[in-house]
Amino acid sequence: ELGADDVVNPMEDDLVKNVKKLTDGRGPRVVIVAVGNKKAEKQALDVIDKGGMVLLFAGTWPEISLDLNPNQIHYNEIRLTGSYDYKSTIFSRVLKMMKSSLIKLEPLISHRLPLRNVKEGFEIVNNREGMKVMIYPNQE
């Protein structure tokens with residue numbers, strides 16, 4: 001529905017095995033970890049193609065330590081980098097993409113709550129029970 005050619009559910013399937021299979025055993029050239037999750041960060045390093053780049057695009061809370069095998073990074077020539085924030089030009093481009101329906105965000109909204117239920121919204125997020133929780137200040 002959102003335009004992906006292939007989808008792997010890491011909660012049900014072996015992510016590394018399935019992604020390697022989809023890429024003829026190589027792995028992707030770029031992996032963007034957009035969740036603050038130790039397992040996801042480890043899987044990114046396990047699945048990346050030789051010479052590929054892993055981008056950590058999410059912070060973790062509470063902070064964690066990530067066990068890294070330097071040989072894995074060295075011998076596979078993996079570039080590991082981070083990114084934080086955005087430039088206003090990027091933000092503007094994304095807003096235009098949203099307006100033109102080039103990217104579909106509606107299916108990502110799992111909960112819509114009025115402001116009086118904001119505590120419930122935080123609990124949903126904290127318990128990881130939803131994808132995107134929207135709080136509407138003027139909704140009953």
# chains A, B, ... in the order shown; residues from 1 in each chain; ligands from 1
>>> residues_around(residues="Pro28 (chain A)", least_positions_apart="4", cutoff="8 Å", atoms="only C-alpha atoms", output="PDB file with N, CA, C and O atoms, in the first residue's frame")
ATOM      1  N   VAL A  19      16.431 -10.770   3.924  1.00  0.00           N
ATOM      2  CA  VAL A  19      16.973  -9.662   3.132  1.00  0.00           C
ATOM      3  C   VAL A  19      18.124 -10.160   2.257  1.00  0.00           C
ATOM      4  O   VAL A  19      18.239  -9.773   1.093  1.00  0.00           O
ATOM      5  N   THR A  23      18.328 -10.086  -1.931  1.00  0.00           N
ATOM      6  CA  THR A  23      19.425  -9.376  -2.601  1.00  0.00           C
ATOM      7  C   THR A  23      20.473 -10.343  -3.160  1.00  0.00           C
ATOM      8  O   THR A  23      21.643  -9.988  -3.283  1.00  0.00           O
ATOM      9  N   VAL A  47      23.380  -7.413   7.984  1.00  0.00           N
ATOM     10  CA  VAL A  47      22.751  -7.582   6.673  1.00  0.00           C
ATOM     11  C   VAL A  47      23.401  -6.741   5.574  1.00  0.00           C
ATOM     12  O   VAL A  47      23.263  -7.052   4.402  1.00  0.00           O
ATOM     13  N   ILE A  48      24.138  -5.705   5.930  1.00  0.00           N
ATOM     14  CA  ILE A  48      24.681  -4.763   4.943  1.00  0.00           C
ATOM     15  C   ILE A  48      25.664  -5.441   3.990  1.00  0.00           C
ATOM     16  O   ILE A  48      26.400  -6.333   4.365  1.00  0.00           O
ATOM     17  N   ASP A  49      25.653  -5.007   2.743  1.00  0.00           N
ATOM     18  CA  ASP A  49      26.577  -5.498   1.728  1.00  0.00           C
ATOM     19  C   ASP A  49      27.995  -5.017   2.030  1.00  0.00           C
ATOM     20  O   ASP A  49      28.195  -3.978   2.673  1.00  0.00           O
ATOM     21  N   GLY A  52      29.076  -1.332   2.113  1.00  0.00           N
ATOM     22  CA  GLY A  52      27.835  -0.582   2.285  1.00  0.00           C
ATOM     23  C   GLY A  52      27.887   0.394   3.446  1.00  0.00           C
ATOM     24  O   GLY A  52      28.872   0.481   4.180  1.00  0.00           O
TER      25      GLY A  52
END
>>> select_by_dssp(residues="region 5-121 of chain A", states="strand (DSSP E or B)", output="MDAnalysis selection string")
chainID A and resid 30:33 53:56 79:82 111:114
>>> closest_atom_pairs(of="region 29-69 of chain A", to="region 1-15 of chain A", cutoff="12 Å", atoms="only C-alpha atoms", output="tab-separated table")
residue	atom	partner	partner_atom	distance
A:Lys39	CA	A:Pro10	CA	10.0
A:Ala40	CA	A:Pro10	CA	9.0
A:Lys42	CA	A:Leu15	CA	11.1
A:Gln43	CA	A:Leu15	CA	7.5
A:Ala44	CA	A:Leu15	CA	9.4
A:Leu45	CA	A:Leu15	CA	11.8
A:Asp46	CA	A:Leu15	CA	9.7
A:Val47	CA	A:Leu15	CA	8.2
A:Ile48	CA	A:Leu15	CA	11.6
>>> write_last_selection(atoms="N, CA and C atoms", output="PDB file, in the first residue's frame")
ATOM      1  N   LYS A  39      18.604  -4.221  18.719  1.00  0.00           N
ATOM      2  CA  LYS A  39      18.527  -5.366  17.812  1.00  0.00           C
ATOM      3  C   LYS A  39      18.529  -4.905  16.352  1.00  0.00           C
ATOM      4  N   ALA A  40      17.791  -3.847  16.042  1.00  0.00           N
ATOM      5  CA  ALA A  40      17.743  -3.323  14.679  1.00  0.00           C
ATOM      6  C   ALA A  40      19.115  -2.817  14.236  1.00  0.00           C
ATOM      7  N   LYS A  42      22.048  -3.889  15.329  1.00  0.00           N
ATOM      8  CA  LYS A  42      22.884  -5.076  15.128  1.00  0.00           C
ATOM      9  C   LYS A  42      22.536  -5.755  13.808  1.00  0.00           C
ATOM     10  N   GLN A  43      21.233  -5.892  13.528  1.00  0.00           N
ATOM     11  CA  GLN A  43      20.806  -6.522  12.286  1.00  0.00           C
ATOM     12  C   GLN A  43      21.286  -5.731  11.070  1.00  0.00           C
ATOM     13  N   ALA A  44      21.304  -4.420  11.172  1.00  0.00           N
ATOM     14  CA  ALA A  44      21.775  -3.593  10.056  1.00  0.00           C
ATOM     15  C   ALA A  44      23.219  -3.939   9.712  1.00  0.00           C
ATOM     16  N   LEU A  45      24.046  -4.103  10.738  1.00  0.00           N
ATOM     17  CA  LEU A  45      25.447  -4.457  10.498  1.00  0.00           C
ATOM     18  C   LEU A  45      25.591  -5.881   9.960  1.00  0.00           C
ATOM     19  N   ASP A  46      24.680  -6.767  10.333  1.00  0.00           N
ATOM     20  CA  ASP A  46      24.736  -8.152   9.876  1.00  0.00           C
ATOM     21  C   ASP A  46      24.240  -8.319   8.442  1.00  0.00           C
ATOM     22  N   VAL A  47      23.380  -7.413   7.984  1.00  0.00           N
ATOM     23  CA  VAL A  47      22.751  -7.582   6.673  1.00  0.00           C
ATOM     24  C   VAL A  47      23.401  -6.741   5.574  1.00  0.00           C
ATOM     25  N   ILE A  48      24.138  -5.705   5.930  1.00  0.00           N
ATOM     26  CA  ILE A  48      24.681  -4.763   4.943  1.00  0.00           C
ATOM     27  C   ILE A  48      25.664  -5.441   3.990  1.00  0.00           C
TER      28      ILE A  48
END
>>> residues_around(residues="Gly130 (chain A)", least_positions_apart="6", cutoff="9 Å", atoms="only C-alpha atoms", output="list in words")
Ile109, Ser110, His111 and Ile124 of chain A
>>> select_by_dssp(residues="chain A", states="alpha helix (DSSP H)", output="ChimeraX atom specification")
/A:15-22,38-47,70-75,88-99,118-126
>>> atom_distance(atom1="CA of Lys20 (chain A)", atom2="CA of Gln72 (chain A)")
16.5 Å
>>> atom_distance(atom1="CA of Thr60 (chain A)", atom2="CA of Thr89 (chain A)")
26.2 Å
>>> atom_distance(atom1="CA of Pro114 (chain A)", atom2="CA of Ile135 (chain A)")
5.6 Å
>>> residues_around(residues="Val54 (chain A)", least_positions_apart="3", cutoff="9 Å", atoms="only C-alpha atoms", output="list of chain:residue names")
A:Arg29, A:Val30, A:Val31, A:Ile32, A:Val33, A:Glu41, A:Ala44, A:Leu45, A:Ile48, A:Ile78, A:Arg79, A:Leu80, A:Thr81, A:Gly82
